[in-house]
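Dropping query-v1.cif in here (mmCIF, C-alpha atoms):
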data_upload
loop_
_atom_site.label_atom_id
_atom_site.label_comp_id
_atom_site.auth_asym_id
_atom_site.auth_seq_id
_atom_site.Cartn_x
_atom_site.Cartn_y
_atom_site.Cartn_z
CA MET A 195 -2.13 61.12 12.05
CA SER A 196 0.24 59.99 9.36
CA ARG A 197 -1.24 58.10 6.43
CA THR A 198 0.34 56.27 3.55
CA ILE A 199 -0.43 57.73 0.15
CA LEU A 200 0.31 56.02 -3.15
CA LEU A 201 0.72 58.86 -5.65
CA VAL A 202 0.49 57.94 -9.33
CA ASP A 203 1.33 60.60 -11.92
CA ASP A 204 3.52 60.58 -15.02
CA ASP A 205 4.42 64.25 -14.58
CA ASP A 206 7.72 64.69 -12.71
CA ALA A 207 6.74 68.15 -11.50
CA ILE A 208 3.49 66.96 -9.98
CA ARG A 209 5.16 64.01 -8.27
CA LEU A 210 7.80 66.26 -6.75
CA VAL A 211 5.49 69.03 -5.57
CA ALA A 212 2.64 66.82 -4.36
CA ARG A 213 5.11 64.71 -2.46
CA LEU A 214 6.70 67.72 -0.78
CA SER A 215 3.29 69.05 0.16
CA LEU A 216 1.87 65.79 1.50
CA GLU A 217 5.02 64.83 3.39
CA ARG A 218 6.22 68.18 4.72
CA LEU A 219 2.90 69.82 5.36
CA GLY A 220 0.57 66.86 5.72
CA GLY A 221 2.98 64.66 7.62
CA HIS A 222 2.11 61.66 5.47
CA GLU A 223 4.27 58.97 3.94
CA VAL A 224 4.18 59.16 0.16
CA VAL A 225 5.17 56.48 -2.31
CA ALA A 226 5.29 58.08 -5.73
CA VAL A 227 5.15 56.16 -8.99
CA ALA A 228 5.04 57.31 -12.59
CA GLY A 229 2.46 54.98 -14.11
CA GLY A 230 -0.34 52.47 -13.69
CA GLN A 231 1.78 49.34 -13.90
CA ALA A 232 4.18 50.64 -11.26
CA ALA A 233 1.18 51.48 -9.10
CA LEU A 234 -0.08 47.90 -9.28
CA GLU A 235 3.37 46.64 -8.35
CA ALA A 236 3.49 49.03 -5.38
CA LEU A 237 0.00 48.32 -4.12
CA ALA A 238 0.65 45.20 -2.06
CA ALA A 239 3.95 46.39 -0.63
CA THR A 240 2.63 49.81 0.24
CA ALA A 241 -0.83 49.01 1.65
CA PRO A 242 -1.83 52.65 1.10
CA ASP A 243 -4.64 54.45 2.90
CA VAL A 244 -5.42 56.19 -0.37
CA VAL A 245 -4.32 56.09 -3.99
CA LEU A 246 -4.00 59.55 -5.53
CA LEU A 247 -4.33 58.76 -9.22
CA ASP A 248 -3.69 60.93 -12.27
CA VAL A 249 -6.25 60.54 -15.04
CA MET A 250 -4.32 61.19 -18.24
CA MET A 251 -1.20 59.04 -18.40
CA PRO A 252 0.49 57.38 -21.35
CA GLY A 253 -0.02 53.66 -21.56
CA MET A 254 -2.40 52.75 -18.75
CA ASP A 255 -4.58 55.79 -18.02
CA GLY A 256 -6.19 56.57 -14.67
CA PRO A 257 -9.57 54.88 -15.20
CA THR A 258 -7.89 51.73 -16.54
CA THR A 259 -5.48 51.74 -13.60
CA LEU A 260 -8.45 52.10 -11.25
CA GLN A 261 -10.09 49.06 -12.81
CA ARG A 262 -6.89 47.04 -12.39
CA VAL A 263 -6.50 48.26 -8.80
CA ARG A 264 -10.02 47.03 -7.99
CA GLU A 265 -9.15 43.61 -9.44
CA HIS A 266 -6.01 43.48 -7.27
CA PRO A 267 -6.39 41.68 -3.91
CA ALA A 268 -4.79 44.61 -2.11
CA GLY A 269 -6.83 47.23 -3.91
CA ALA A 270 -10.42 46.08 -3.89
CA SER A 271 -11.51 48.48 -1.19
CA VAL A 272 -8.74 51.05 -1.05
CA ASP A 273 -9.84 54.70 -1.27
CA VAL A 274 -8.96 56.28 -4.60
CA VAL A 275 -8.94 59.99 -5.47
CA PHE A 276 -8.45 61.13 -9.04
CA LEU A 277 -6.07 63.98 -9.80
CA THR A 278 -6.79 65.74 -13.08
CA ALA A 279 -6.28 68.94 -15.05
CA SER A 280 -9.71 68.42 -16.62
CA VAL A 281 -12.15 69.70 -14.05
CA ARG A 282 -15.11 70.35 -16.32
CA PRO A 283 -18.25 69.34 -14.41
CA ASP A 284 -19.20 66.65 -16.91
CA GLU A 285 -15.72 65.13 -16.73
CA VAL A 286 -15.72 65.25 -12.92
CA ALA A 287 -19.11 63.55 -12.85
CA ARG A 288 -17.89 60.86 -15.25
CA LEU A 289 -14.85 60.19 -13.06
CA GLU A 290 -16.82 60.15 -9.82
CA ALA A 291 -19.16 57.60 -11.30
CA LEU A 292 -16.24 55.20 -11.57
CA GLY A 293 -16.34 54.64 -7.83
CA VAL A 294 -13.76 56.98 -6.38
CA VAL A 295 -13.94 59.12 -3.26
CA GLY A 296 -13.54 62.30 -5.26
CA VAL A 297 -11.62 64.32 -7.82
CA LEU A 298 -8.91 66.89 -7.10
CA GLY A 299 -7.93 69.42 -9.74
CA LYS A 300 -4.51 70.30 -11.16
CA PRO A 301 -2.84 72.63 -10.73
CA PHE A 302 -3.23 72.43 -6.99
CA GLU A 303 -1.94 74.82 -4.36
CA PRO A 304 0.81 72.94 -2.50
CA THR A 305 -0.14 74.59 0.80
CA ALA A 306 -3.76 73.46 0.40
CA LEU A 307 -3.38 69.95 -0.98
CA PRO A 308 -3.13 68.05 2.33
CA GLY A 309 -6.25 69.79 3.65
CA GLN A 310 -8.19 69.18 0.46
CA LEU A 311 -7.32 65.51 0.53
CA ALA A 312 -8.19 65.22 4.21
CA ALA A 313 -11.54 66.92 3.60
CA LEU A 314 -12.43 64.52 0.82
CA LEU A 315 -11.51 61.50 2.87
CA GLY A 316 -12.99 62.67 6.14
CA TRP A 317 -9.64 62.66 7.87
CA ASP A 318 -9.73 64.82 10.94
CA GLU A 319 -6.24 66.22 10.52
CA GLY A 320 -5.10 69.10 8.34
CA GLU A 321 -6.67 72.35 7.33
CA PRO A 322 -9.63 71.97 5.00
CA GLY A 323 -8.69 73.23 1.55
CA PRO A 324 -10.59 75.91 -0.42
CA THR A 325 -12.79 73.79 -2.60
CA PRO A 326 -12.33 70.16 -2.99
CA THR A 327 -14.31 69.69 -6.19
CA SER A 328 -14.95 66.34 -5.23
CA THR A 329 -10.64 69.44 -6.84
CA PRO A 330 -7.20 68.59 -8.98
CA GLY A 331 -1.03 65.90 -9.76
CA PRO A 332 4.96 60.22 -8.31
CA THR A 333 8.19 55.02 -8.76
CA PRO A 334 8.23 50.33 -6.87
CA SER A 335 10.62 49.67 -9.68
CA GLY A 336 11.08 53.36 -9.99
CA ALA A 337 9.26 54.42 -6.84
CA ASP A 338 10.25 57.80 -5.45
CA HIS A 339 10.73 57.38 -1.73
CA MET B 280 4.86 77.07 5.02
CA ASP B 281 7.81 79.26 4.05
CA ASP B 282 9.88 76.14 4.06
CA LEU B 283 7.47 74.50 1.63
CA ASP B 284 7.46 77.58 -0.60
CA ALA B 285 11.25 77.50 -0.71
CA LEU B 286 11.25 73.82 -1.58
CA VAL B 287 8.68 74.35 -4.33
CA ALA B 288 10.86 77.17 -5.68
CA ASP B 289 13.78 74.73 -5.76
CA VAL B 290 11.65 72.25 -7.72
CA TRP B 291 10.71 75.00 -10.17
CA ARG B 292 14.36 75.93 -10.68
CA SER B 293 15.25 72.31 -11.39
CA LEU B 294 12.40 71.87 -13.89
CA GLU B 295 12.40 75.34 -15.41
CA PRO B 296 14.62 74.50 -18.43
CA THR B 297 12.45 71.52 -19.37
CA MET B 298 9.22 73.43 -18.98
CA ARG B 299 10.50 76.40 -20.97
CA ALA B 300 11.55 73.96 -23.70
CA ASP B 301 8.05 72.45 -23.65
CA ALA B 302 6.52 75.91 -23.99
CA ALA B 303 8.85 76.77 -26.85
CA ARG B 304 7.96 73.50 -28.58
CA LEU B 305 4.28 74.25 -28.07
CA SER B 306 4.72 77.71 -29.56
CA ALA B 307 6.54 76.31 -32.59
CA LEU B 308 3.84 73.70 -33.22
CA VAL B 309 1.07 76.27 -32.98
CA ALA B 310 2.92 78.61 -35.34
CA ASP B 311 3.39 75.74 -37.79
CA LEU B 312 -0.26 74.73 -37.65
CA ASP B 313 -1.38 78.34 -37.84
CA ALA B 314 0.62 78.83 -41.01
CA ASP B 315 -1.22 75.88 -42.54
CA ALA B 316 -4.60 77.19 -41.38
CA VAL B 317 -3.97 80.70 -42.65
CA ALA B 318 -2.94 79.38 -46.03
CA GLU B 319 -6.11 77.27 -46.00
CA GLN B 320 -4.18 74.25 -47.00
CA PRO B 321 -5.97 70.93 -46.79
CA PRO B 322 -5.32 68.88 -43.67
CA PRO B 323 -2.10 66.98 -44.15
CA HIS B 324 -3.74 63.70 -43.18
CA ASP B 325 -7.17 63.69 -44.71
CA GLY B 326 -9.69 62.78 -42.03
CA VAL B 327 -6.99 61.81 -39.58
CA PRO B 328 -6.15 64.05 -36.63
CA ASP B 329 -3.01 66.02 -37.26
CA PRO B 330 -0.27 64.60 -35.02
CA ARG B 331 1.05 68.12 -34.44
CA TRP B 332 -2.27 69.09 -32.89
CA ALA B 333 -2.17 66.04 -30.63
CA GLN B 334 1.23 67.25 -29.40
CA VAL B 335 -0.17 70.71 -28.79
CA ARG B 336 -2.96 69.26 -26.67
CA GLU B 337 -0.56 67.05 -24.73
CA LEU B 338 1.87 69.89 -24.02
CA ALA B 339 -0.90 72.33 -23.08
CA HIS B 340 -2.42 69.75 -20.75
CA ARG B 341 0.88 69.07 -19.02
CA LEU B 342 1.78 72.74 -18.58
CA ALA B 343 -1.74 73.57 -17.40
CA GLY B 344 -1.57 70.85 -14.79
CA SER B 345 1.77 71.77 -13.30
CA LEU B 346 2.82 75.42 -13.74
CA GLY B 347 0.38 76.75 -11.16
CA SER B 348 1.53 74.22 -8.57
CA LEU B 349 5.11 75.34 -9.12
CA GLY B 350 4.35 78.92 -8.13
CA GLN B 351 4.08 80.12 -11.75
CA ARG B 352 0.54 81.35 -11.32
CA GLU B 353 0.27 83.77 -14.26
CA ALA B 354 1.84 81.38 -16.75
CA GLY B 355 -0.21 78.59 -15.23
CA ALA B 356 -3.43 80.53 -15.74
CA ALA B 357 -2.48 81.13 -19.38
CA ALA B 358 -1.76 77.42 -19.82
CA VAL B 359 -5.11 76.53 -18.27
CA ALA B 360 -6.84 78.93 -20.68
CA LEU B 361 -5.12 77.26 -23.63
CA GLU B 362 -5.88 73.79 -22.30
CA GLU B 363 -9.56 74.67 -21.89
CA LEU B 364 -9.64 75.83 -25.50
CA SER B 365 -7.85 72.80 -26.92
CA ALA B 366 -9.26 70.00 -24.78
CA GLY B 367 -11.67 67.83 -26.69
CA LEU B 368 -10.90 69.40 -30.06
CA VAL B 369 -9.81 66.66 -32.40
CA HIS B 370 -9.83 68.93 -35.44
CA PRO B 371 -9.56 72.56 -34.34
CA PRO B 372 -11.62 74.70 -36.75
CA SER B 373 -9.71 77.46 -38.49
CA ALA B 374 -11.97 79.97 -36.71
CA ALA B 375 -10.42 78.85 -33.42
CA TRP B 376 -6.88 79.66 -34.49
CA PRO B 377 -6.77 83.32 -33.51
CA ASP B 378 -7.66 82.37 -29.93
CA ILE B 379 -5.25 79.44 -29.90
CA VAL B 380 -2.42 81.60 -31.20
CA ALA B 381 -3.23 84.40 -28.76
CA ARG B 382 -3.37 82.12 -25.74
CA THR B 383 -0.16 80.36 -26.73
CA GLY B 384 1.51 83.75 -27.10
CA ASP B 385 0.20 84.74 -23.68
CA LEU B 386 1.62 81.58 -22.16
CA VAL B 387 5.11 81.99 -23.57
CA ALA B 388 5.14 85.70 -22.73
CA ARG B 389 4.21 85.07 -19.11
CA LEU B 390 6.77 82.30 -18.90
CA GLY B 391 9.38 84.53 -20.50
CA THR B 392 9.99 82.00 -23.23
CA PRO B 393 10.97 83.17 -26.71
CA SER B 394 8.02 82.47 -29.00
CA ALA B 395 8.25 80.92 -32.45
CA SER B 396 7.70 84.35 -33.98
CA ASP B 397 10.60 85.99 -32.13
#
Please rewrite the model in this file as structure tokens.
Amino acid sequence: MSRTILLVDDDDAIRLVARLSLERLGGHEVVAVAGGQAALEALAATAPDVVLLDVMMPGMDGPTTLQRVREHPAGASVDVVFLTASVRPDEVARLEALGVVGVLGKPFEPTALPGQLAALLGWDEGEPGPTPTSTPGPTPSGADH
Amino acid sequence: MDDLDALVADVWRSLEPTMRADAARLSALVADLDADAVAEQPPPHDGVPDPRWAQVRELAHRLAGSLGSLGQREAGAAAVALEELSAGLVHPPSAAWPDIVARTGDLVARLGTPSASD
């Protein structure tokens, strides 16, 4: 079943590869933005099933973006998964405590990403990925479609 | 799957010049900082994190997060090793420099990027 994923990451490489993986392999629709403000602007128009959110971004970082998403009428209950290169257990625990579904690590294996995301979210489609660590990652005014 | 691998390879080819430039910049910054550390010069900004080190951390973090996903597994692993060493270090102690220099050298070698010492 196709889902809509709002992917938020300032890294061009991650936006490109994650998008290819989630669209081509996962069969999902991906709206990719490069920062927190763009994510907030995309939220209402996109009505995503999940927000895949980078942690370290210039300007508005992931946790701050999460807080703003929760304050947004369209984002109060949306599932959010953090995407981060910092997968130390203490950091993962800190992020999970912020009220997200889980944490995916970067770098990710493009062939495994859709399954890892599906496993975290309890989606019944896709191949389960190797180890979603509860594991490690695109522009409305600048959205990559 | 093969189709995805081919597409990821295309993405790598399009980003390769930028990422090699980032690695070369990282190498130059580390060499610069290492020269200061070896000479035991006082920090350039007394008590304030060296902005060059902040750039090293930012570049290492970015390369660590993306190289592996672009099919550059060996270089990606080297970047992750460097990122693990640098993450959380506001003022890297001089004792850490040999490892930082070695891991940076490993990264640029695996990426095939000329290092600052070449």
Restrict the calculation to all atoms listed in the file, then for each residue of chain A with any atom at most 12 Å from an atom of chain B give the closest atom pair and their distance in Å to one decimal, rows by chain and rising residue number, as JSON lines.
{"residue": "A:Asp203", "atom": "CA", "partner": "B:Gly344", "partner_atom": "CA", "distance": 11.0}
{"residue": "A:Asp204", "atom": "CA", "partner": "B:Arg341", "partner_atom": "CA", "distance": 9.7}
{"residue": "A:Asp205", "atom": "CA", "partner": "B:Arg341", "partner_atom": "CA", "distance": 7.4}
{"residue": "A:Asp206", "atom": "CA", "partner": "B:Leu294", "partner_atom": "CA", "distance": 8.7}
{"residue": "A:Ala207", "atom": "CA", "partner": "B:Ser345", "partner_atom": "CA", "distance": 6.4}
{"residue": "A:Ile208", "atom": "CA", "partner": "B:Ser345", "partner_atom": "CA", "distance": 6.1}
{"residue": "A:Arg209", "atom": "CA", "partner": "B:Ser345", "partner_atom": "CA", "distance": 9.8}
{"residue": "A:Leu210", "atom": "CA", "partner": "B:Val290", "partner_atom": "CA", "distance": 7.2}
{"residue": "A:Val211", "atom": "CA", "partner": "B:Val287", "partner_atom": "CA", "distance": 6.3}
{"residue": "A:Ala212", "atom": "CA", "partner": "B:Ser348", "partner_atom": "CA", "distance": 8.6}
{"residue": "A:Arg213", "atom": "CA", "partner": "B:Val287", "partner_atom": "CA", "distance": 10.4}
{"residue": "A:Leu214", "atom": "CA", "partner": "B:Leu283", "partner_atom": "CA", "distance": 7.2}
{"residue": "A:Ser215", "atom": "CA", "partner": "B:Leu283", "partner_atom": "CA", "distance": 7.0}
{"residue": "A:Leu216", "atom": "CA", "partner": "B:Leu283", "partner_atom": "CA", "distance": 10.4}
{"residue": "A:Glu217", "atom": "CA", "partner": "B:Leu283", "partner_atom": "CA", "distance": 10.1}
{"residue": "A:Arg218", "atom": "CA", "partner": "B:Leu283", "partner_atom": "CA", "distance": 7.1}
{"residue": "A:Leu219", "atom": "CA", "partner": "B:Met280", "partner_atom": "CA", "distance": 7.5}
{"residue": "A:Gly220", "atom": "CA", "partner": "B:Leu283", "partner_atom": "CA", "distance": 11.1}
{"residue": "A:Asp248", "atom": "CA", "partner": "B:Gly344", "partner_atom": "CA", "distance": 10.5}
{"residue": "A:Val249", "atom": "CA", "partner": "B:Gly344", "partner_atom": "CA", "distance": 11.3}
{"residue": "A:Met250", "atom": "CA", "partner": "B:His340", "partner_atom": "CA", "distance": 9.1}
{"residue": "A:Met251", "atom": "CA", "partner": "B:Glu337", "partner_atom": "CA", "distance": 10.2}
{"residue": "A:Pro252", "atom": "CA", "partner": "B:Glu337", "partner_atom": "CA", "distance": 10.3}
{"residue": "A:Leu277", "atom": "CA", "partner": "B:Gly344", "partner_atom": "CA", "distance": 9.6}
{"residue": "A:Thr278", "atom": "CA", "partner": "B:Gly344", "partner_atom": "CA", "distance": 7.5}
{"residue": "A:Ala279", "atom": "CA", "partner": "B:Gly344", "partner_atom": "CA", "distance": 5.1}
{"residue": "A:Ser280", "atom": "CA", "partner": "B:Glu363", "partner_atom": "CA", "distance": 8.2}
{"residue": "A:Val281", "atom": "CA", "partner": "B:Glu363", "partner_atom": "CA", "distance": 9.6}
{"residue": "A:Arg282", "atom": "CA", "partner": "B:Glu363", "partner_atom": "CA", "distance": 9.0}
{"residue": "A:Glu285", "atom": "CA", "partner": "B:Gly367", "partner_atom": "CA", "distance": 11.1}
{"residue": "A:Leu298", "atom": "CA", "partner": "B:Gly344", "partner_atom": "CA", "distance": 11.3}
{"residue": "A:Gly299", "atom": "CA", "partner": "B:Gly344", "partner_atom": "CA", "distance": 8.2}
{"residue": "A:Lys300", "atom": "CA", "partner": "B:Gly344", "partner_atom": "CA", "distance": 4.7}
{"residue": "A:Pro301", "atom": "CA", "partner": "B:Gly344", "partner_atom": "CA", "distance": 4.6}
{"residue": "A:Phe302", "atom": "CA", "partner": "B:Ser348", "partner_atom": "CA", "distance": 5.3}
{"residue": "A:Glu303", "atom": "CA", "partner": "B:Ser348", "partner_atom": "CA", "distance": 5.5}
{"residue": "A:Pro304", "atom": "CA", "partner": "B:Ser348", "partner_atom": "CA", "distance": 6.2}
{"residue": "A:Thr305", "atom": "CA", "partner": "B:Met280", "partner_atom": "CA", "distance": 7.0}
{"residue": "A:Ala306", "atom": "CA", "partner": "B:Met280", "partner_atom": "CA", "distance": 10.4}
{"residue": "A:Leu307", "atom": "CA", "partner": "B:Ser348", "partner_atom": "CA", "distance": 10.0}
{"residue": "A:Pro330", "atom": "CA", "partner": "B:Gly344", "partner_atom": "CA", "distance": 8.4}
{"residue": "A:Gly331", "atom": "CA", "partner": "B:Gly344", "partner_atom": "CA", "distance": 7.1}
Restricted to C-alpha atoms, what would the selected residues look like written as a short mmCIF file (atom, residue, chain, number, x, y, z; two decimals), in the coordinates of the input?
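Heads up, here's the output in part_33.cif:
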data_model
loop_
_atom_site.label_atom_id
_atom_site.label_comp_id
_atom_site.auth_asym_id
_atom_site.auth_seq_id
_atom_site.Cartn_x
_atom_site.Cartn_y
_atom_site.Cartn_z
CA ASP A 203 1.33 60.60 -11.92
CA ASP A 204 3.52 60.58 -15.02
CA ASP A 205 4.42 64.25 -14.58
CA ASP A 206 7.72 64.69 -12.71
CA ALA A 207 6.74 68.15 -11.50
CA ILE A 208 3.49 66.96 -9.98
CA ARG A 209 5.16 64.01 -8.27
CA LEU A 210 7.80 66.26 -6.75
CA VAL A 211 5.49 69.03 -5.57
CA ALA A 212 2.64 66.82 -4.36
CA ARG A 213 5.11 64.71 -2.46
CA LEU A 214 6.70 67.72 -0.78
CA SER A 215 3.29 69.05 0.16
CA LEU A 216 1.87 65.79 1.50
CA GLU A 217 5.02 64.83 3.39
CA ARG A 218 6.22 68.18 4.72
CA LEU A 219 2.90 69.82 5.36
CA GLY A 220 0.57 66.86 5.72
CA ASP A 248 -3.69 60.93 -12.27
CA VAL A 249 -6.25 60.54 -15.04
CA MET A 250 -4.32 61.19 -18.24
CA MET A 251 -1.20 59.04 -18.40
CA PRO A 252 0.49 57.38 -21.35
CA LEU A 277 -6.07 63.98 -9.80
CA THR A 278 -6.79 65.74 -13.08
CA ALA A 279 -6.28 68.94 -15.05
CA SER A 280 -9.71 68.42 -16.62
CA VAL A 281 -12.15 69.70 -14.05
CA ARG A 282 -15.11 70.35 -16.32
CA GLU A 285 -15.72 65.13 -16.73
CA LEU A 298 -8.91 66.89 -7.10
CA GLY A 299 -7.93 69.42 -9.74
CA LYS A 300 -4.51 70.30 -11.16
CA PRO A 301 -2.84 72.63 -10.73
CA PHE A 302 -3.23 72.43 -6.99
CA GLU A 303 -1.94 74.82 -4.36
CA PRO A 304 0.81 72.94 -2.50
CA THR A 305 -0.14 74.59 0.80
CA ALA A 306 -3.76 73.46 0.40
CA LEU A 307 -3.38 69.95 -0.98
CA PRO A 330 -7.20 68.59 -8.98
CA GLY A 331 -1.03 65.90 -9.76
#
Sel. within 7 Å of pt (1.4, 78.6, -25.5), counting only C-alpha atoms, output as an MDAnalysis selection string:
chainID B and resid 302 305:306 358 361 382:387
Going by the chain IDs and residue numbers used in this file, which residues fall under the PyMOL selection byres ((chain A and resi 274) around 10)? Write them as a ChimeraX atom specification.
/A:199-200,242-247,260,263-264,269,271-273,275-277,293-297,315
In Å, rounded to a single decimal, give me how far atom CA of Asp289 of chain B is from atom CA of Val224 of chain A.
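Computing the Euclidean distance for atom CA of Val224 of chain A and atom CA of Asp289 of chain B yields 19.2 Å.
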Carefully work through the PyMOL selection byres ((chain B and resi 377) around 12) for this structure and note down the residues it includes, as a list of chain:residue names.
B:Val309, B:Ala310, B:Leu312, B:Asp313, B:Ala314, B:Ala316, B:Val317, B:Leu361, B:Leu364, B:Pro371, B:Pro372, B:Ser373, B:Ala374, B:Ala375, B:Trp376, B:Asp378, B:Ile379, B:Val380, B:Ala381, B:Arg382, B:Thr383, B:Gly384
Prev. selection, C-alpha atoms, output as an mmCIF file, in the frame of the given file:
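Result file follows (selection-v2.cif):
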data_model
loop_
_atom_site.group_PDB
_atom_site.id
_atom_site.type_symbol
_atom_site.label_atom_id
_atom_site.label_comp_id
_atom_site.auth_asym_id
_atom_site.auth_seq_id
_atom_site.Cartn_x
_atom_site.Cartn_y
_atom_site.Cartn_z
ATOM 1 C CA VAL B 309 1.070 76.270 -32.980
ATOM 2 C CA ALA B 310 2.920 78.610 -35.340
ATOM 3 C CA LEU B 312 -0.260 74.730 -37.650
ATOM 4 C CA ASP B 313 -1.380 78.340 -37.840
ATOM 5 C CA ALA B 314 0.620 78.830 -41.010
ATOM 6 C CA ALA B 316 -4.600 77.190 -41.380
ATOM 7 C CA VAL B 317 -3.970 80.700 -42.650
ATOM 8 C CA LEU B 361 -5.120 77.260 -23.630
ATOM 9 C CA LEU B 364 -9.640 75.830 -25.500
ATOM 10 C CA PRO B 371 -9.560 72.560 -34.340
ATOM 11 C CA PRO B 372 -11.620 74.700 -36.750
ATOM 12 C CA SER B 373 -9.710 77.460 -38.490
ATOM 13 C CA ALA B 374 -11.970 79.970 -36.710
ATOM 14 C CA ALA B 375 -10.420 78.850 -33.420
ATOM 15 C CA TRP B 376 -6.880 79.660 -34.490
ATOM 16 C CA ASP B 378 -7.660 82.370 -29.930
ATOM 17 C CA ILE B 379 -5.250 79.440 -29.900
ATOM 18 C CA VAL B 380 -2.420 81.600 -31.200
ATOM 19 C CA ALA B 381 -3.230 84.400 -28.760
ATOM 20 C CA ARG B 382 -3.370 82.120 -25.740
ATOM 21 C CA THR B 383 -0.160 80.360 -26.730
ATOM 22 C CA GLY B 384 1.510 83.750 -27.100
#
Six-sided padding of 8 Å per side, axis-aligned box over segment 245-254 of chain A, centre and edges in Å, one decimal, as AutoDock Vina command-line options:
--center_x -2.9 --center_y 57.0 --center_z -12.8 --size_x 22.7 --size_y 24.4 --size_z 33.6
Could you please determine the separation between atom CA of Pro308 of chain A and atom CA of Ser196 of chain A in Å, to one decimal place?
11.2 Å
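One distance worth recording is that between atom CA of Asp318 of chain A and atom CA of Leu201 of chain A, which is 20.5 Å.
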Would you kindly identify which residues have an atom no farther than 7 Å from (-8.7, 67.2, -34.5), using all atoms listed in the file and the file's own coordinates, and write them out as number ranges by chain?
B: 328-329, 332, 368-371
Residues as selected, C-alpha atoms, written as an mmCIF file, in the coordinates of the input, can you do that?
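Done, and the output landed in selection-v4.cif:
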data_model
loop_
_atom_site.group_PDB
_atom_site.id
_atom_site.type_symbol
_atom_site.label_atom_id
_atom_site.label_comp_id
_atom_site.auth_asym_id
_atom_site.auth_seq_id
_atom_site.Cartn_x
_atom_site.Cartn_y
_atom_site.Cartn_z
ATOM 1 C CA PRO B 328 -6.150 64.050 -36.630
ATOM 2 C CA ASP B 329 -3.010 66.020 -37.260
ATOM 3 C CA TRP B 332 -2.270 69.090 -32.890
ATOM 4 C CA LEU B 368 -10.900 69.400 -30.060
ATOM 5 C CA VAL B 369 -9.810 66.660 -32.400
ATOM 6 C CA HIS B 370 -9.830 68.930 -35.440
ATOM 7 C CA PRO B 371 -9.560 72.560 -34.340
#
